Amino acid sequence: MIKTVALIIPCYNEQEVLPVFYKTVTEVFDKLPQYAFKLLFVNDGSRDETLSILRDLAKKDSRVTYLSFSRNFGKEAAMYAGFCNVDADAVAVMDADLQDPPSLLPEMLSILENEDYDSVATRRVTREGEPPIRSFFARRFYRLINRISDADVVDGARDFRLMRREMVEAIVAMSEYNRFSKGIFGWIGFKTKWLPYKNVERAAGQTKWSFWGLVKYSIDGITNFSQAPLSIASYSGIVFMMIAFIMVIFVAVRRLIFGDPVAGWASTICIILFIAGIQLMCIGIMGQYMAKTYMEVKKRPHFIISETNCEDPVKIR
Ligand code: UDP
Ligand code: MG
């Protein structure tokens, strides 16, 4: 039986869209009187009026709670802070910009209640309104990460999903510093039903993602959930060793039969440069993993909360 439902909403500079979001989402709540809803906004160090809007909403409506970070820690940290501070039978993460349609909530709730699933997730089946190169690389990324990791990331998957309390506990237990939620949701398992929907454009304000931000995000996703790049580094070493061995035999035999004088300075230089490049690339791959390990070993907190109206909050974790 699901009685209480909490929505976690990460907000970073969302002053334009927050009032619209609040209005839309509470209209959906009114249609579902059988559930007690709670809104948990996480202000991720916004530099605009987001926090004061949240304070006002909390004053007006007792369903509204908020956590406010001491600086911008990123959406992953904001979601984690939400999961650590939430207490409800069903929990969903939702973007503040209405790109995760609240109108899907009734259907998601009825699936969770009546069918045998632990979570209901959403995926975009279209990418209209998005630059074509971005869509192209996004598709390649999903194909790649599914091939080389056991994270099971669905193409077009959103962070918007409704899940049972058990799943939330599993997510809180995944306390890694380098967080890639799409991978974490897949990794912990549980039975998930996917709801497809058509892409919706931002209601107001601007996206926080640049193209290079997304490239970095995808590299993080891969290195967090796959060791394949390390294997590529070692296999390429073996392959080059074998090629070198064959070449040694070839050169020696040719010398014995034809007594060839040495020639080919240019080709030697090319080969040296090529191999040196491969070596640097492999050291770089190792460095990426070492940097991750370094950050994990430090055990720095994921987030620091400087203000909240929640009772008994987890302020630092
Ligand atoms: N967000 C956040 N911290 C950040 C960047 C974004 O909490 O550092 C929030 C943002 O307020 C929004 C959600 O994450 O609610 C998704 O951001 P955005 O809409 O910019 O991403 P997009 O939908 O373009 O992928
Ligand atoms: Mg968005």
# chains A, B, ... in the order shown; residues from 1 in each chain; ligands from 1
$ residues_near_ligand --ligand "ligand 1" --cutoff "9 Å" --atoms "only C-alpha atoms and all ligand atoms" --output "PyMOL selection string"
chain A and resi 9-14+42-46+72-79+94-100+158+201-202+205-210+214
$ residues_around --residues "stretch 66-70 of chain A" --least-positions-apart "4" --cutoff "9 Å" --atoms "only C-alpha atoms" --output "PyMOL selection string"
chain A and resi 39-46+51+54-55+58+78+81-82+85+303-310+313+315
$ write_last_selection --atoms "N, CA and C atoms" --output "PDB file, in the first residue's frame"
ATOM      1  N   LEU A  39       6.747  17.655  -1.291  1.00  0.00           N
ATOM      2  CA  LEU A  39       7.719  18.146  -2.268  1.00  0.00           C
ATOM      3  C   LEU A  39       9.019  18.427  -1.532  1.00  0.00           C
ATOM      4  N   LEU A  40      10.113  17.847  -2.003  1.00  0.00           N
ATOM      5  CA  LEU A  40      11.407  18.140  -1.383  1.00  0.00           C
ATOM      6  C   LEU A  40      12.293  18.811  -2.438  1.00  0.00           C
ATOM      7  N   PHE A  41      12.372  20.136  -2.365  1.00  0.00           N
ATOM      8  CA  PHE A  41      13.223  20.871  -3.306  1.00  0.00           C
ATOM      9  C   PHE A  41      14.652  20.879  -2.780  1.00  0.00           C
ATOM     10  N   VAL A  42      15.609  20.694  -3.684  1.00  0.00           N
ATOM     11  CA  VAL A  42      17.010  20.799  -3.279  1.00  0.00           C
ATOM     12  C   VAL A  42      17.623  21.961  -4.043  1.00  0.00           C
ATOM     13  N   ASN A  43      17.888  23.061  -3.323  1.00  0.00           N
ATOM     14  CA  ASN A  43      18.501  24.214  -3.976  1.00  0.00           C
ATOM     15  C   ASN A  43      20.004  23.984  -4.066  1.00  0.00           C
ATOM     16  N   ASP A  44      20.481  23.767  -5.296  1.00  0.00           N
ATOM     17  CA  ASP A  44      21.874  23.387  -5.514  1.00  0.00           C
ATOM     18  C   ASP A  44      22.751  24.638  -5.681  1.00  0.00           C
ATOM     19  N   GLY A  45      22.794  25.469  -4.655  1.00  0.00           N
ATOM     20  CA  GLY A  45      23.659  26.653  -4.700  1.00  0.00           C
ATOM     21  C   GLY A  45      23.289  27.650  -5.784  1.00  0.00           C
ATOM     22  N   SER A  46      21.991  27.873  -5.976  1.00  0.00           N
ATOM     23  CA  SER A  46      21.560  28.810  -7.020  1.00  0.00           C
ATOM     24  C   SER A  46      22.033  30.224  -6.715  1.00  0.00           C
ATOM     25  N   LEU A  51      16.151  30.317  -3.865  1.00  0.00           N
ATOM     26  CA  LEU A  51      15.987  30.006  -2.442  1.00  0.00           C
ATOM     27  C   LEU A  51      14.845  30.806  -1.815  1.00  0.00           C
ATOM     28  N   LEU A  54      11.606  29.359  -2.730  1.00  0.00           N
ATOM     29  CA  LEU A  54      11.350  28.126  -1.971  1.00  0.00           C
ATOM     30  C   LEU A  54      10.892  28.447  -0.551  1.00  0.00           C
ATOM     31  N   ARG A  55      11.547  29.433   0.092  1.00  0.00           N
ATOM     32  CA  ARG A  55      11.121  29.829   1.443  1.00  0.00           C
ATOM     33  C   ARG A  55       9.652  30.253   1.436  1.00  0.00           C
ATOM     34  N   ALA A  58       7.322  27.298   1.027  1.00  0.00           N
ATOM     35  CA  ALA A  58       7.262  26.498   2.259  1.00  0.00           C
ATOM     36  C   ALA A  58       6.373  27.169   3.301  1.00  0.00           C
ATOM     37  N   ALA A  78      22.629  16.698  -5.587  1.00  0.00           N
ATOM     38  CA  ALA A  78      21.308  17.167  -5.169  1.00  0.00           C
ATOM     39  C   ALA A  78      20.341  15.986  -5.042  1.00  0.00           C
ATOM     40  N   ALA A  81      21.264  13.979  -1.904  1.00  0.00           N
ATOM     41  CA  ALA A  81      20.801  14.657  -0.689  1.00  0.00           C
ATOM     42  C   ALA A  81      19.302  14.430  -0.517  1.00  0.00           C
ATOM     43  N   GLY A  82      18.564  14.480  -1.604  1.00  0.00           N
ATOM     44  CA  GLY A  82      17.131  14.233  -1.551  1.00  0.00           C
ATOM     45  C   GLY A  82      16.842  12.825  -1.042  1.00  0.00           C
ATOM     46  N   ASN A  85      17.317  12.325   2.602  1.00  0.00           N
ATOM     47  CA  ASN A  85      16.432  13.074   3.500  1.00  0.00           C
ATOM     48  C   ASN A  85      14.958  12.813   3.254  1.00  0.00           C
ATOM     49  N   PHE A 303      27.654  16.446  -0.217  1.00  0.00           N
ATOM     50  CA  PHE A 303      26.927  17.724  -0.173  1.00  0.00           C
ATOM     51  C   PHE A 303      27.002  18.312   1.231  1.00  0.00           C
ATOM     52  N   ILE A 304      26.818  19.613   1.317  1.00  0.00           N
ATOM     53  CA  ILE A 304      26.756  20.302   2.608  1.00  0.00           C
ATOM     54  C   ILE A 304      25.509  21.188   2.585  1.00  0.00           C
ATOM     55  N   ILE A 305      24.631  20.985   3.538  1.00  0.00           N
ATOM     56  CA  ILE A 305      23.381  21.744   3.565  1.00  0.00           C
ATOM     57  C   ILE A 305      23.528  22.916   4.532  1.00  0.00           C
ATOM     58  N   SER A 306      23.230  24.114   4.051  1.00  0.00           N
ATOM     59  CA  SER A 306      23.399  25.284   4.911  1.00  0.00           C
ATOM     60  C   SER A 306      22.067  25.790   5.458  1.00  0.00           C
ATOM     61  N   GLU A 307      20.960  25.382   4.816  1.00  0.00           N
ATOM     62  CA  GLU A 307      19.662  25.836   5.317  1.00  0.00           C
ATOM     63  C   GLU A 307      18.598  24.832   4.911  1.00  0.00           C
ATOM     64  N   THR A 308      17.656  24.575   5.814  1.00  0.00           N
ATOM     65  CA  THR A 308      16.571  23.656   5.471  1.00  0.00           C
ATOM     66  C   THR A 308      15.401  23.842   6.442  1.00  0.00           C
ATOM     67  N   ASN A 309      14.221  23.436   6.024  1.00  0.00           N
ATOM     68  CA  ASN A 309      13.081  23.446   6.947  1.00  0.00           C
ATOM     69  C   ASN A 309      12.650  22.021   7.285  1.00  0.00           C
ATOM     70  N   CYS A 310      13.506  21.020   6.916  1.00  0.00           N
ATOM     71  CA  CYS A 310      13.171  19.635   7.246  1.00  0.00           C
ATOM     72  C   CYS A 310      13.447  19.375   8.714  1.00  0.00           C
ATOM     73  N   PRO A 313      17.290  16.801   9.663  1.00  0.00           N
ATOM     74  CA  PRO A 313      17.891  16.533   8.351  1.00  0.00           C
ATOM     75  C   PRO A 313      19.275  15.898   8.441  1.00  0.00           C
ATOM     76  N   LYS A 315      22.541  16.638   7.242  1.00  0.00           N
ATOM     77  CA  LYS A 315      23.054  17.892   6.685  1.00  0.00           C
ATOM     78  C   LYS A 315      24.329  17.726   5.883  1.00  0.00           C
TER      79      LYS A 315
END
$ atom_distance --atom1 "atom CA of A:Pro102" --atom2 "atom CA of A:Ile133"
28.4 Å
$ atom_distance --atom1 "atom CA of A:Ile184" --atom2 "atom CA of A:Thr26"
29.2 Å
$ residues_around --residues "A:Ser149" --least-positions-apart "5" --cutoff "12 Å" --atoms "only C-alpha atoms" --output "ChimeraX atom specification"
/A:141-144,183-184,186-187,221-229
$ write_last_selection --atoms "C-alpha atoms" --output "compact mmCIF listing (two decimals), in the first residue's frame"
# COMPACT_ATOMS: atom_id res chain seq x y z
CA PHE A 141 26.98 6.84 -25.86
CA TYR A 142 24.05 4.63 -24.80
CA ARG A 143 25.07 1.95 -27.29
CA LEU A 144 28.68 1.99 -26.01
CA GLY A 183 24.05 3.68 -13.97
CA ILE A 184 23.25 3.34 -10.25
CA GLY A 186 20.37 0.08 -13.41
CA TRP A 187 23.05 -1.51 -11.26
CA GLY A 221 29.56 7.43 -16.84
CA ILE A 222 31.82 5.01 -18.68
CA THR A 223 34.74 5.14 -16.24
CA ASN A 224 32.37 4.79 -13.26
CA PHE A 225 30.76 1.61 -14.51
CA SER A 226 33.22 -0.09 -16.82
CA GLN A 227 36.81 -1.27 -16.81
CA ALA A 228 36.80 -1.75 -20.57
CA PRO A 229 39.13 1.20 -21.30
$ closest_residue --among "A:Ile111, A:Val172, A:Ala203, A:Ile285" --to "ligand 2" --atoms "only C-alpha atoms and all ligand atoms"
A:Ala203
$ select_by_dssp --residues "stretch 153-205 of chain A" --states "strand (DSSP E or B)" --output "list of chain:residue names"
A:Ala157, A:Arg158, A:Asp159, A:Phe160, A:Arg161, A:Leu162, A:Met163, A:Arg164, A:Thr192, A:Lys193, A:Trp194, A:Leu195, A:Pro196, A:Tyr197
$ atom_distance --atom1 "atom CA of A:Phe274" --atom2 "atom CA of A:Met241"
13.6 Å
